[in-house]
file start_17.cif (mmCIF, C-alpha atoms)
data_query
loop_
_atom_site.label_atom_id
_atom_site.label_comp_id
_atom_site.auth_asym_id
_atom_site.auth_seq_id
_atom_site.Cartn_x
_atom_site.Cartn_y
_atom_site.Cartn_z
CA MET A 1 24.87 21.31 -25.37
CA PRO A 2 28.48 20.72 -24.13
CA ARG A 3 29.12 17.17 -23.08
CA THR A 4 30.04 18.21 -19.52
CA LEU A 5 26.53 19.53 -18.95
CA LEU A 6 24.99 16.21 -19.92
CA LEU A 7 27.03 14.14 -17.53
CA PRO A 8 25.48 14.97 -14.15
CA GLY A 9 22.01 14.79 -15.71
CA LEU A 10 22.49 11.06 -16.02
CA ILE A 11 21.88 10.79 -12.28
CA ALA A 12 18.26 11.89 -12.63
CA LEU A 13 17.60 9.25 -15.26
CA LEU A 14 19.12 6.36 -13.35
CA LEU A 15 17.10 6.92 -10.19
CA SER A 16 13.74 6.74 -11.93
CA ALA A 17 13.97 2.94 -12.04
CA CYS A 18 14.37 2.56 -8.28
CA ALA A 19 10.66 2.73 -7.47
CA VAL A 20 8.60 -0.36 -6.63
CA GLN A 21 0.07 2.95 -4.30
CA THR A 22 -8.07 8.57 -3.28
CA PRO A 23 -8.58 10.02 -0.19
CA PRO A 24 -9.16 7.35 2.44
CA ALA A 25 -12.42 6.86 4.23
CA ALA A 26 -12.62 5.79 7.84
CA VAL A 27 -14.29 2.45 8.39
CA ALA A 28 -17.77 2.93 9.83
CA PRO A 29 -18.43 1.20 13.18
CA ALA A 30 -20.88 -1.67 13.24
CA PRO A 31 -24.41 -0.61 14.24
CA ILE A 32 -25.39 -1.30 17.83
CA GLU A 33 -28.57 -3.27 18.33
CA PRO A 34 -31.16 -1.48 20.57
CA PRO A 35 -31.95 -3.19 23.87
CA ALA A 36 -34.98 -5.47 23.96
CA PRO A 37 -38.08 -3.91 25.58
CA SER A 38 -38.64 -4.94 29.19
CA LEU A 39 -41.56 -7.24 29.95
CA PRO A 40 -44.00 -6.81 32.88
CA GLN A 41 -42.84 -8.72 35.94
CA PRO A 42 -45.13 -11.40 37.45
CA GLU A 43 -46.18 -11.30 41.11
CA PRO A 44 -43.58 -12.96 43.34
CA VAL A 45 -44.34 -16.51 44.38
CA ALA A 46 -42.90 -18.14 47.49
CA PRO A 47 -40.33 -20.78 46.55
CA VAL A 48 -41.24 -24.38 47.19
CA GLU A 49 -37.64 -25.45 47.69
CA THR A 50 -34.26 -23.83 47.96
CA PRO A 51 -32.80 -23.38 44.48
CA VAL A 52 -29.50 -25.06 43.72
CA ALA A 53 -26.69 -22.65 42.88
CA PRO A 54 -25.37 -23.05 39.29
CA PRO A 55 -21.80 -24.31 38.87
CA PRO A 56 -19.15 -21.59 38.62
CA ALA A 57 -18.39 -20.36 35.10
CA PRO A 58 -15.01 -21.46 33.72
CA GLN A 59 -12.27 -18.89 34.13
CA THR A 60 -11.06 -17.38 30.82
CA LYS A 61 -8.45 -14.75 30.12
CA PRO A 62 -9.89 -11.38 29.08
CA VAL A 63 -9.43 -10.65 25.38
CA PRO A 64 -6.82 -7.87 24.97
CA GLN A 65 -7.99 -4.67 23.32
CA GLY A 66 -6.34 -1.67 21.69
CA ARG A 67 -2.76 -1.06 22.73
CA ALA A 68 -2.71 -4.37 24.61
CA VAL A 69 -3.32 -6.21 21.31
CA VAL A 70 -0.41 -4.41 19.67
CA ALA A 71 1.87 -5.20 22.62
CA GLN A 72 0.81 -8.84 22.54
CA LEU A 73 1.36 -9.37 18.79
CA VAL A 74 4.52 -7.41 17.98
CA PRO A 75 7.33 -10.01 17.83
CA ALA A 76 9.42 -10.24 20.97
CA LYS A 77 12.87 -10.25 19.37
CA ILE A 78 13.01 -7.10 17.30
CA ARG A 79 15.12 -4.01 17.77
CA ASP A 80 13.41 -1.20 19.75
CA ARG A 81 10.25 -3.26 20.20
CA GLN A 82 8.64 -0.61 22.42
CA GLY A 83 9.18 2.02 19.74
CA TRP A 84 7.38 -0.12 17.18
CA ILE A 85 4.52 -0.71 19.63
CA ASN A 86 4.20 3.04 20.25
CA ASP A 87 4.18 3.95 16.55
CA MET A 88 1.72 1.21 15.59
CA ASP A 89 -0.64 2.07 18.46
CA SER A 90 -0.48 5.77 17.53
CA ALA A 91 -1.27 4.97 13.89
CA PHE A 92 -4.41 3.05 14.86
CA THR A 93 -5.46 5.84 17.22
CA TYR A 94 -4.91 8.76 14.85
CA LEU A 95 -6.42 6.98 11.83
CA LYS A 96 -9.42 5.83 13.90
CA VAL A 97 -8.89 2.23 12.77
CA PRO A 98 -9.72 -0.33 15.49
CA ALA A 99 -6.68 -2.19 16.82
CA THR A 100 -8.22 -5.64 16.48
CA ALA A 101 -6.05 -8.73 16.28
CA GLU A 102 -6.84 -8.97 12.56
CA ASN A 103 -5.78 -5.38 11.86
CA VAL A 104 -2.67 -5.54 14.04
CA CYS A 105 -1.56 -8.80 12.44
CA ALA A 106 -2.20 -7.40 8.96
CA LEU A 107 -0.05 -4.34 9.67
CA ALA A 108 2.67 -6.44 11.31
CA ALA A 109 2.73 -8.88 8.39
CA VAL A 110 3.33 -6.13 5.82
CA ILE A 111 6.06 -4.51 7.96
CA GLU A 112 7.80 -7.86 8.30
CA GLN A 113 7.55 -8.56 4.57
CA GLU A 114 8.72 -5.12 3.45
CA SER A 115 11.51 -4.40 5.93
CA SER A 116 11.93 -7.24 8.45
CA TRP A 117 11.20 -4.69 11.20
CA GLN A 118 13.94 -2.25 10.11
CA SER A 119 12.93 1.40 10.34
CA ASP A 120 15.36 2.34 7.55
CA PRO A 121 15.83 -0.94 5.65
CA VAL A 122 19.09 -1.64 3.90
CA VAL A 123 18.86 -2.41 0.17
CA PRO A 124 21.66 -4.87 -0.70
CA GLY A 125 23.82 -3.75 -3.61
CA LEU A 126 22.16 -0.33 -3.89
CA ASP A 127 25.42 1.27 -5.01
CA LYS A 128 25.82 -1.35 -7.77
CA ILE A 129 22.25 -0.72 -8.94
CA VAL A 130 22.97 3.01 -9.18
CA TRP A 131 26.31 2.65 -10.97
CA GLY A 132 24.82 0.09 -13.34
CA LYS A 133 22.23 2.62 -14.43
CA ILE A 134 24.90 5.30 -14.80
CA GLU A 135 26.95 3.01 -17.05
CA GLU A 136 23.85 2.16 -19.09
CA ARG A 137 23.15 5.85 -19.76
CA ALA A 138 26.82 6.59 -20.41
CA HIS A 139 26.91 3.96 -23.16
CA ARG A 140 23.68 5.32 -24.62
CA TYR A 141 25.16 8.82 -24.91
CA LEU A 142 28.61 7.52 -25.96
CA VAL A 143 30.27 9.03 -22.89
CA PRO A 144 33.09 7.01 -21.26
CA LEU A 145 32.22 5.94 -17.71
CA PRO A 146 35.51 7.32 -16.26
CA VAL A 147 34.52 10.75 -17.56
CA VAL A 148 31.13 10.46 -15.87
CA LYS A 149 32.72 9.47 -12.55
CA ALA A 150 35.13 12.38 -12.79
CA ALA A 151 32.17 14.76 -13.10
CA LEU A 152 30.70 13.29 -9.91
CA LEU A 153 33.78 14.11 -7.82
CA LYS A 154 32.28 17.51 -6.96
CA THR A 155 31.78 17.97 -3.21
CA SER A 156 28.17 17.68 -2.07
CA PRO A 157 26.55 19.65 0.81
CA ASN A 158 27.41 16.97 3.41
CA GLY A 159 31.14 17.31 2.67
CA GLN A 160 31.47 14.12 0.66
CA SER A 161 31.67 13.95 -3.11
CA TYR A 162 28.61 12.72 -4.96
CA LYS A 163 30.65 9.74 -6.14
CA ALA A 164 31.55 8.79 -2.57
CA ARG A 165 27.93 9.05 -1.47
CA ILE A 166 26.80 6.77 -4.30
CA ASP A 167 29.57 4.29 -3.42
CA ASN A 168 28.34 4.19 0.19
CA LEU A 169 24.59 4.09 -0.43
CA ARG A 170 22.79 1.59 1.80
CA THR A 171 19.16 2.73 2.11
CA GLU A 172 16.50 4.50 0.08
CA ARG A 173 16.45 7.22 2.72
CA GLU A 174 20.09 7.98 1.91
CA MET A 175 19.30 7.87 -1.80
CA ASN A 176 16.43 10.32 -1.32
CA ALA A 177 18.70 12.74 0.58
CA LEU A 178 21.39 12.40 -2.10
CA PHE A 179 19.01 13.22 -4.92
CA GLU A 180 17.51 16.18 -3.06
CA ASP A 181 21.01 17.64 -2.72
CA ILE A 182 21.62 17.10 -6.44
CA ALA A 183 18.30 18.79 -7.26
CA ARG A 184 19.12 21.79 -5.05
CA GLU A 185 22.47 22.20 -6.82
CA ALA A 186 20.96 21.77 -10.27
CA THR A 187 22.39 25.03 -11.59
CA LYS A 188 25.92 24.33 -10.40
CA LEU A 189 25.79 20.79 -11.77
CA GLY A 190 24.22 21.76 -15.08
CA LEU A 191 20.98 19.91 -14.40
CA PRO A 192 17.51 21.09 -15.53
CA LEU A 193 15.89 23.39 -12.97
CA ASN A 194 12.50 21.63 -13.13
CA MET A 195 13.91 18.26 -12.09
CA LYS A 196 11.66 16.24 -9.76
CA ASN A 197 12.79 13.77 -7.16
CA PRO A 198 12.19 10.32 -8.73
CA ILE A 199 12.26 8.36 -5.44
CA ARG A 200 8.63 7.30 -5.18
CA THR A 201 8.48 4.84 -2.27
CA GLY A 202 10.31 4.34 0.99
CA GLY A 203 10.31 3.59 4.69
CA PRO A 204 9.62 0.38 6.61
CA MET A 205 6.44 -0.31 4.60
CA GLN A 206 7.58 0.99 1.19
CA VAL A 207 4.78 3.56 1.11
CA SER A 208 4.15 5.71 -1.94
CA VAL A 209 5.22 9.33 -1.35
CA GLU A 210 2.41 10.45 -3.67
CA PHE A 211 -0.18 8.61 -1.55
CA ALA A 212 1.22 10.07 1.69
CA GLU A 213 1.11 13.64 0.36
CA ALA A 214 -2.47 13.19 -0.91
CA HIS A 215 -3.59 11.58 2.36
CA ALA A 216 -2.16 14.42 4.45
CA LYS A 217 -4.30 16.92 2.51
CA VAL A 218 -7.57 15.28 3.57
CA TRP A 219 -6.59 13.68 6.90
CA PRO A 220 -4.26 15.98 8.88
CA TYR A 221 -0.89 14.44 9.69
CA PRO A 222 -0.79 14.12 13.49
CA TYR A 223 2.93 14.54 14.15
CA ASN A 224 5.05 17.69 14.14
CA LYS A 225 7.01 17.33 10.92
CA ALA A 226 10.43 18.93 10.55
CA ASP A 227 10.05 19.81 6.88
CA SER A 228 8.01 17.66 4.50
CA ILE A 229 5.64 14.71 4.24
CA ARG A 230 8.15 13.15 1.85
CA HIS A 231 10.74 13.00 4.61
CA GLU A 232 8.16 11.60 7.07
CA VAL A 233 7.59 8.59 4.79
CA PHE A 234 11.21 7.58 5.41
CA THR A 235 10.80 7.63 9.21
CA ARG A 236 9.40 4.75 11.24
CA ARG A 237 6.46 6.69 12.65
CA GLY A 238 5.52 8.17 9.27
CA GLY A 239 6.08 4.95 7.36
CA VAL A 240 3.90 2.96 9.78
CA TYR A 241 1.22 5.67 9.89
CA PHE A 242 0.84 5.98 6.11
CA GLY A 243 1.27 2.24 5.65
CA ALA A 244 -1.61 1.57 8.04
CA ALA A 245 -3.69 4.17 6.20
CA ILE A 246 -3.29 2.65 2.75
CA LEU A 247 -3.73 -0.91 4.05
CA LEU A 248 -6.64 -0.52 6.46
CA GLN A 249 -8.31 2.90 6.31
CA TYR A 250 -10.84 2.13 3.59
CA PRO A 251 -13.93 -0.10 3.35
CA ALA A 252 -13.11 -3.24 1.37
CA PRO A 253 -15.75 -5.91 0.70
CA TYR A 254 -13.31 -8.82 0.88
CA SER A 255 -13.73 -12.27 2.40
CA GLN A 256 -10.15 -12.35 3.71
CA MET A 257 -7.12 -10.13 4.33
CA LEU A 258 -5.31 -11.71 1.38
CA TYR A 259 -7.02 -9.28 -0.98
CA ARG A 260 -6.11 -6.22 1.10
CA PHE A 261 -2.49 -7.35 0.83
CA ALA A 262 -2.84 -7.50 -2.95
CA ASP A 263 -4.39 -4.02 -2.92
CA PHE A 264 -1.47 -2.76 -0.83
CA ASN A 265 0.84 -3.84 -3.63
CA ALA A 266 -1.32 -3.03 -6.67
CA GLY A 267 -3.55 -0.17 -5.52
CA ARG A 268 -6.82 0.12 -3.61
CA TYR A 269 -9.65 -2.06 -4.94
CA ALA A 270 -7.34 -3.79 -7.44
CA SER A 271 -8.63 -7.20 -6.26
CA ARG A 272 -12.26 -6.15 -6.71
CA ASN A 273 -11.52 -4.58 -10.08
CA ALA A 274 -9.59 -7.64 -11.32
CA ALA A 275 -12.64 -9.80 -10.55
CA PHE A 276 -14.80 -7.29 -12.46
CA GLN A 277 -12.44 -7.56 -15.44
CA GLN A 278 -12.84 -11.33 -15.26
CA ALA A 279 -16.63 -10.92 -15.45
CA VAL A 280 -16.35 -8.48 -18.37
CA ALA A 281 -14.07 -10.91 -20.24
CA ARG A 282 -16.65 -13.65 -19.82
CA LEU A 283 -19.49 -11.46 -21.09
CA SER A 284 -17.61 -9.95 -24.03
CA GLY A 285 -15.63 -13.01 -25.06
CA ARG A 286 -12.44 -10.91 -25.03
CA LYS A 287 -9.22 -11.75 -23.24
CA LEU A 288 -8.42 -9.04 -20.71
CA ALA A 289 -5.45 -8.42 -18.45
CA LEU A 290 -6.62 -8.86 -14.87
CA ASP A 291 -4.51 -6.00 -13.52
CA GLY A 292 -7.23 -4.11 -11.61
CA ASP A 293 -6.86 -0.98 -13.77
CA LEU A 294 -10.20 -0.30 -15.45
CA LEU A 295 -8.99 2.89 -17.16
CA SER A 296 -5.61 4.12 -18.34
CA TYR A 297 -4.56 7.69 -17.64
CA GLN A 298 -2.63 10.44 -19.35
CA GLY A 299 -1.51 12.59 -16.47
CA SER A 300 -4.63 12.91 -14.32
CA GLN A 301 -7.03 12.49 -17.25
CA PRO A 302 -8.62 9.07 -17.84
CA LYS A 303 -8.60 7.64 -21.33
CA GLY A 304 -9.67 4.42 -23.05
CA SER A 305 -8.63 0.94 -21.97
CA GLU A 306 -9.10 -2.66 -23.07
CA THR A 307 -11.70 -3.09 -20.34
CA MET A 308 -13.68 -0.10 -21.59
CA SER A 309 -13.47 -1.30 -25.19
CA ALA A 310 -14.81 -4.72 -24.15
CA LEU A 311 -17.68 -3.13 -22.23
CA LEU A 312 -18.71 -1.08 -25.27
CA THR A 313 -19.27 -4.31 -27.21
CA ILE A 314 -21.83 -5.62 -24.67
CA GLY A 315 -25.07 -4.18 -26.03
CA SER A 316 -27.17 -6.04 -23.46
CA LEU A 317 -25.92 -3.66 -20.77
CA GLY A 318 -28.10 -0.92 -22.27
CA MET A 319 -25.63 1.80 -21.26
CA SER A 320 -24.19 4.64 -23.30
CA ARG A 321 -20.46 5.23 -23.65
CA ASP A 322 -20.68 8.26 -21.38
CA ALA A 323 -22.49 6.27 -18.69
CA ILE A 324 -19.89 3.49 -18.85
CA VAL A 325 -17.01 5.98 -18.58
CA ARG A 326 -18.80 7.77 -15.72
CA ASP A 327 -18.90 4.57 -13.68
CA LEU A 328 -15.39 3.41 -14.62
CA LYS A 329 -14.05 6.67 -13.17
CA LEU A 330 -15.14 5.34 -9.76
CA GLU A 331 -12.65 2.45 -10.00
CA LYS A 332 -10.50 3.63 -7.07
CA SER A 333 -13.41 4.05 -4.65
CA ALA A 334 -15.96 1.93 -2.80
CA ALA A 335 -18.71 3.61 -4.86
CA PHE A 336 -17.85 1.56 -7.95
CA GLY A 337 -19.24 -1.52 -6.21
CA GLN A 338 -22.68 0.15 -6.10
CA SER A 339 -22.56 1.63 -9.60
CA GLU A 340 -25.04 0.85 -12.37
CA LEU A 341 -22.29 -0.67 -14.53
CA TYR A 342 -21.05 -3.00 -11.79
CA ARG A 343 -24.58 -4.22 -10.98
CA LYS A 344 -25.53 -4.79 -14.61
CA VAL A 345 -22.37 -6.76 -15.44
CA TYR A 346 -22.80 -9.10 -12.49
CA ALA A 347 -26.53 -9.47 -13.11
CA GLN A 348 -25.61 -11.10 -16.42
CA VAL A 349 -22.73 -13.33 -15.27
CA ASP A 350 -24.18 -14.59 -11.99
CA ARG A 351 -25.90 -17.96 -12.11
CA PRO A 352 -28.49 -19.30 -9.63
CA GLY A 353 -26.56 -20.58 -6.65
CA LYS A 354 -23.25 -19.77 -8.34
CA PRO A 355 -22.42 -16.06 -8.23
CA ALA A 356 -19.36 -14.85 -10.11
CA ALA A 357 -16.28 -13.95 -8.07
CA ARG A 358 -16.23 -10.46 -6.52
CA GLU A 359 -12.52 -10.70 -5.65
CA THR A 360 -9.46 -12.18 -7.31
CA LEU A 361 -5.71 -11.61 -7.09
CA PRO A 362 -4.51 -9.18 -9.78
CA ASP A 363 -2.12 -10.63 -12.33
CA ILE A 364 0.74 -8.13 -12.24
CA ARG A 365 4.45 -8.70 -12.73
CA LEU A 366 6.61 -6.75 -10.26
CA VAL A 367 9.46 -4.87 -11.92
CA SER A 368 12.27 -3.08 -10.07
CA PRO A 369 16.08 -3.01 -10.11
CA LYS A 370 15.85 -4.44 -6.56
CA ILE A 371 13.99 -7.54 -7.82
CA THR A 372 16.22 -10.21 -9.34
CA ARG A 373 13.62 -12.93 -10.03
CA LYS A 374 10.11 -13.23 -11.40
CA LEU A 375 7.69 -11.93 -8.78
CA THR A 376 4.02 -10.99 -8.98
CA THR A 377 1.36 -9.27 -6.91
CA ALA A 378 -0.10 -12.71 -6.15
CA TRP A 379 3.30 -13.82 -4.82
CA PHE A 380 3.47 -10.74 -2.59
CA ALA A 381 -0.07 -11.18 -1.27
CA ASN A 382 0.44 -14.86 -0.47
CA ARG A 383 3.77 -14.20 1.28
CA VAL A 384 2.15 -11.56 3.49
CA GLN A 385 -0.86 -13.82 4.07
CA GLY A 386 1.44 -16.51 5.45
CA ARG A 387 2.96 -14.04 7.91
CA TYR A 388 -0.52 -12.82 8.84
CA GLN A 389 -1.73 -16.35 9.58
CA ALA A 390 1.32 -17.02 11.75
CA CYS A 391 0.56 -13.86 13.73
CA MET A 392 -3.08 -14.85 14.19
CA ALA A 393 -1.96 -18.27 15.41
CA ARG A 394 0.22 -16.58 18.05
CA GLN A 395 -2.77 -14.49 19.07
CA ALA A 396 -4.94 -17.59 19.49
CA LYS A 397 -2.33 -19.25 21.70
CA GLY A 398 -2.06 -16.16 23.85
CA ARG A 399 -5.69 -16.26 24.92
#

call {"tool": "encode", "arguments": {"input": "start_17.cif", "output": "structure tokens"}}
result
Amino acid sequence: MPRTLLLPGLIALLLSACAVQTPPAAVAPAPIEPPAPSLPQPEPVAPVETPVAPPPAPQTKPVPQGRAVVAQLVPAKIRDRQGWINDMDSAFTYLKVPATAENVCALAAVIEQESSWQSDPVVPGLDKIVWGKIEERAHRYLVPLPVVKAALLKTSPNGQSYKARIDNLRTEREMNALFEDIAREATKLGLPLNMKNPIRTGGPMQVSVEFAEAHAKVWPYPYNKADSIRHEVFTRRGGVYFGAAILLQYPAPYSQMLYRFADFNAGRYASRNAAFQQAVARLSGRKLALDGDLLSYQGSQPKGSETMSALLTIGSLGMSRDAIVRDLKLEKSAAFGQSELYRKVYAQVDRPGKPAARETLPDIRLVSPKITRKLTTAWFANRVQGRYQACMARQAKGR
């Protein structure tokens, strides 16, 4: 292939490193206790003396509910505060997730951690990240960087050259638009026609585009979208809506929000699954990565994993390989917690008065061109937990 046709294709490769999360199930409401049966009333008896009136009850502020909770807990000094309140309240309403103080503070804490309340957050040095990847690929293919930059001087659909747009990149939303233009002009630029957009997360909560598209298939997106779910992820309303869905719209058997925050970063039920891996390691005597992934996948098809291999060595479970694989396939759902495999593993590791942990923070290293130091899922979860606790403290003072 002529060298000039390879040059623009370097763009597709560089963007794949710029990424950073099962159909959801609505949380079932708590059952309502039936009223106690009424008892037969005794015959009235004339009072002997005039009863003394009880002292007045102390005056307390009513506890805010729904939209009032959101309005109370969204920080006062943020840009377009009312817009954030509207979008958060709408997300709770459309997803049928109760707007309790705990849920509002959890959502607010993740927004603050991921974007500092910016609807289209700026990524510092995004242009340098992009050009660094271009230079890396240019060296790999022995193409001088000036030649690559010359190929990117072609005018893009917005009137600027692709080079100028890369030089001025500030947000992932701009990067997504840039790559979509490149993909549409694949033929003119000599790029493969089956190229896919590699931008996988975005918006004020860094939501996975893949999750948003899957969620919209089973839970209709409530807003009128101009073109695609992908583009909605990069808006404030869409980012908050899908962020609330992945964080809160599923039943999680956790003792504290900390583990939902870890799941937000590592995938639903990662904290439960990491604890299960810990139990399997104890039973099998094997060292396992506590990453919350019980199976590995090739495309959409599950295949073997270290966790599965360890389970196959535990003869006391009395389960066939097929039965073990059947239950491991439930790893991304609440159903795994009621599976035969889950129950049998914990039946053997629990001790009287000392049950094994059902939740633990996954041990995952976060890797991204945007990350310049060693960070982990545990670090992320604890940072968000601190913001959550500060929000709950504000809520307590407001009563």

call {"tool": "residues_around", "arguments": {"input": "start_17.cif", "residues": "A:Gly243", "least_positions_apart": "2", "cutoff": "8 Å", "atoms": "only C-alpha atoms", "output": "ChimeraX atom specification"}}
result
/A:107,205-207,239-241,245-247

call {"tool": "resolve_selection", "arguments": {"input": "start_17.cif", "expression": "the PyMOL selection byres ((chain A and resi 262-272) around 7)", "output": "list in words"}}
result
Gln21, Ile246, Leu247, Leu258, Tyr259, Arg260, Phe261, Asn273, Ala274, Ala275, Phe276, Gly292, Asp293, Lys332, Arg358, Glu359, Thr360, Leu361, Pro362, Thr377, Ala378 and Ala381 of chain A

call {"tool": "write_last_selection", "arguments": {"input": "start_17.cif", "atoms": "C-alpha atoms", "output": "short mmCIF file (atom, residue, chain, number, x, y, z; two decimals), in the coordinates of the input"}}
result
data_model
loop_
_atom_site.label_atom_id
_atom_site.label_comp_id
_atom_site.auth_asym_id
_atom_site.auth_seq_id
_atom_site.Cartn_x
_atom_site.Cartn_y
_atom_site.Cartn_z
CA GLN A 21 0.07 2.95 -4.30
CA ILE A 246 -3.29 2.65 2.75
CA LEU A 247 -3.73 -0.91 4.05
CA LEU A 258 -5.31 -11.71 1.38
CA TYR A 259 -7.02 -9.28 -0.98
CA ARG A 260 -6.11 -6.22 1.10
CA PHE A 261 -2.49 -7.35 0.83
CA ASN A 273 -11.52 -4.58 -10.08
CA ALA A 274 -9.59 -7.64 -11.32
CA ALA A 275 -12.64 -9.80 -10.55
CA PHE A 276 -14.80 -7.29 -12.46
CA GLY A 292 -7.23 -4.11 -11.61
CA ASP A 293 -6.86 -0.98 -13.77
CA LYS A 332 -10.50 3.63 -7.07
CA ARG A 358 -16.23 -10.46 -6.52
CA GLU A 359 -12.52 -10.70 -5.65
CA THR A 360 -9.46 -12.18 -7.31
CA LEU A 361 -5.71 -11.61 -7.09
CA PRO A 362 -4.51 -9.18 -9.78
CA THR A 377 1.36 -9.27 -6.91
CA ALA A 378 -0.10 -12.71 -6.15
CA ALA A 381 -0.07 -11.18 -1.27
#

call {"tool": "closest_residue", "arguments": {"input": "start_17.cif", "among": "A:Arg81, A:Arg394, A:Arg282, A:Arg383", "to": "A:Gln113", "atoms": "only C-alpha atoms"}}
result
A:Arg383

call {"tool": "resolve_selection", "arguments": {"input": "start_17.cif", "expression": "the PyMOL selection byres ((chain A and resi 384-392) around 9)", "output": "list of chain:residue names"}}
result
A:Leu73, A:Val74, A:Pro75, A:Ala101, A:Glu102, A:Val104, A:Cys105, A:Ala106, A:Leu107, A:Ala108, A:Ala109, A:Val110, A:Glu112, A:Gln113, A:Met257, A:Leu258, A:Phe261, A:Trp379, A:Phe380, A:Ala381, A:Asn382, A:Arg383, A:Ala393, A:Arg394, A:Gln395, A:Ala396, A:Lys397

call {"tool": "write_last_selection", "arguments": {"input": "start_17.cif", "atoms": "C-alpha atoms", "output": "mmCIF file, in the frame of the given file"}}
result
data_model
loop_
_atom_site.group_PDB
_atom_site.id
_atom_site.type_symbol
_atom_site.label_atom_id
_atom_site.label_comp_id
_atom_site.auth_asym_id
_atom_site.auth_seq_id
_atom_site.Cartn_x
_atom_site.Cartn_y
_atom_site.Cartn_z
ATOM 1 C CA LEU A 73 1.360 -9.370 18.790
ATOM 2 C CA VAL A 74 4.520 -7.410 17.980
ATOM 3 C CA PRO A 75 7.330 -10.010 17.830
ATOM 4 C CA ALA A 101 -6.050 -8.730 16.280
ATOM 5 C CA GLU A 102 -6.840 -8.970 12.560
ATOM 6 C CA VAL A 104 -2.670 -5.540 14.040
ATOM 7 C CA CYS A 105 -1.560 -8.800 12.440
ATOM 8 C CA ALA A 106 -2.200 -7.400 8.960
ATOM 9 C CA LEU A 107 -0.050 -4.340 9.670
ATOM 10 C CA ALA A 108 2.670 -6.440 11.310
ATOM 11 C CA ALA A 109 2.730 -8.880 8.390
ATOM 12 C CA VAL A 110 3.330 -6.130 5.820
ATOM 13 C CA GLU A 112 7.800 -7.860 8.300
ATOM 14 C CA GLN A 113 7.550 -8.560 4.570
ATOM 15 C CA MET A 257 -7.120 -10.130 4.330
ATOM 16 C CA LEU A 258 -5.310 -11.710 1.380
ATOM 17 C CA PHE A 261 -2.490 -7.350 0.830
ATOM 18 C CA TRP A 379 3.300 -13.820 -4.820
ATOM 19 C CA PHE A 380 3.470 -10.740 -2.590
ATOM 20 C CA ALA A 381 -0.070 -11.180 -1.270
ATOM 21 C CA ASN A 382 0.440 -14.860 -0.470
ATOM 22 C CA ARG A 383 3.770 -14.200 1.280
ATOM 23 C CA ALA A 393 -1.960 -18.270 15.410
ATOM 24 C CA ARG A 394 0.220 -16.580 18.050
ATOM 25 C CA GLN A 395 -2.770 -14.490 19.070
ATOM 26 C CA ALA A 396 -4.940 -17.590 19.490
ATOM 27 C CA LYS A 397 -2.330 -19.250 21.700
#

call {"tool": "resolve_selection", "arguments": {"input": "start_17.cif", "expression": "the PyMOL selection byres ((chain A and resi 232) around 12)", "output": "PyMOL selection string"}}
result
chain A and resi 119-120+173+176+201-204+207-209+212-213+216+221-231+233-243

call {"tool": "atom_distance", "arguments": {"input": "start_17.cif", "atom1": "atom CA of A:Ala68", "atom2": "atom CA of A:Pro251"}}
result
24.4 Å

call {"tool": "atom_distance", "arguments": {"input": "start_17.cif", "atom1": "atom CA of A:Ala347", "atom2": "atom CA of A:Ser316"}}
result
10.9 Å

call {"tool": "atom_distance", "arguments": {"input": "start_17.cif", "atom1": "atom CA of A:Trp219", "atom2": "atom CA of A:Gly337"}}
result
23.7 Å

call {"tool": "closest_residue", "arguments": {"input": "start_17.cif", "among": "A:Leu153, A:Leu248, A:Val345, A:Val367", "to": "A:Val97", "atoms": "all atoms listed in the file"}}
result
A:Leu248

call {"tool": "residues_near_point", "arguments": {"input": "start_17.cif", "point": "(-17.3, 9.7, -23.8)", "cutoff": "12 Å", "atoms": "all atoms listed in the file", "output": "PyMOL selection string"}}
result
chain A and resi 302-304+308-309+312+319-329

call {"tool": "residues_around", "arguments": {"input": "start_17.cif", "residues": "A:Leu95", "least_positions_apart": "3", "cutoff": "9 Å", "atoms": "only C-alpha atoms", "output": "VMD selection string"}}
result
chain A and resid 26 90 to 92 98 219 241 244 to 245 249

call {"tool": "closest_residue", "arguments": {"input": "start_17.cif", "among": "A:Lys344, A:Leu283, A:Thr307, A:Thr313", "to": "A:Glu331", "atoms": "only C-alpha atoms"}}
result
A:Thr307
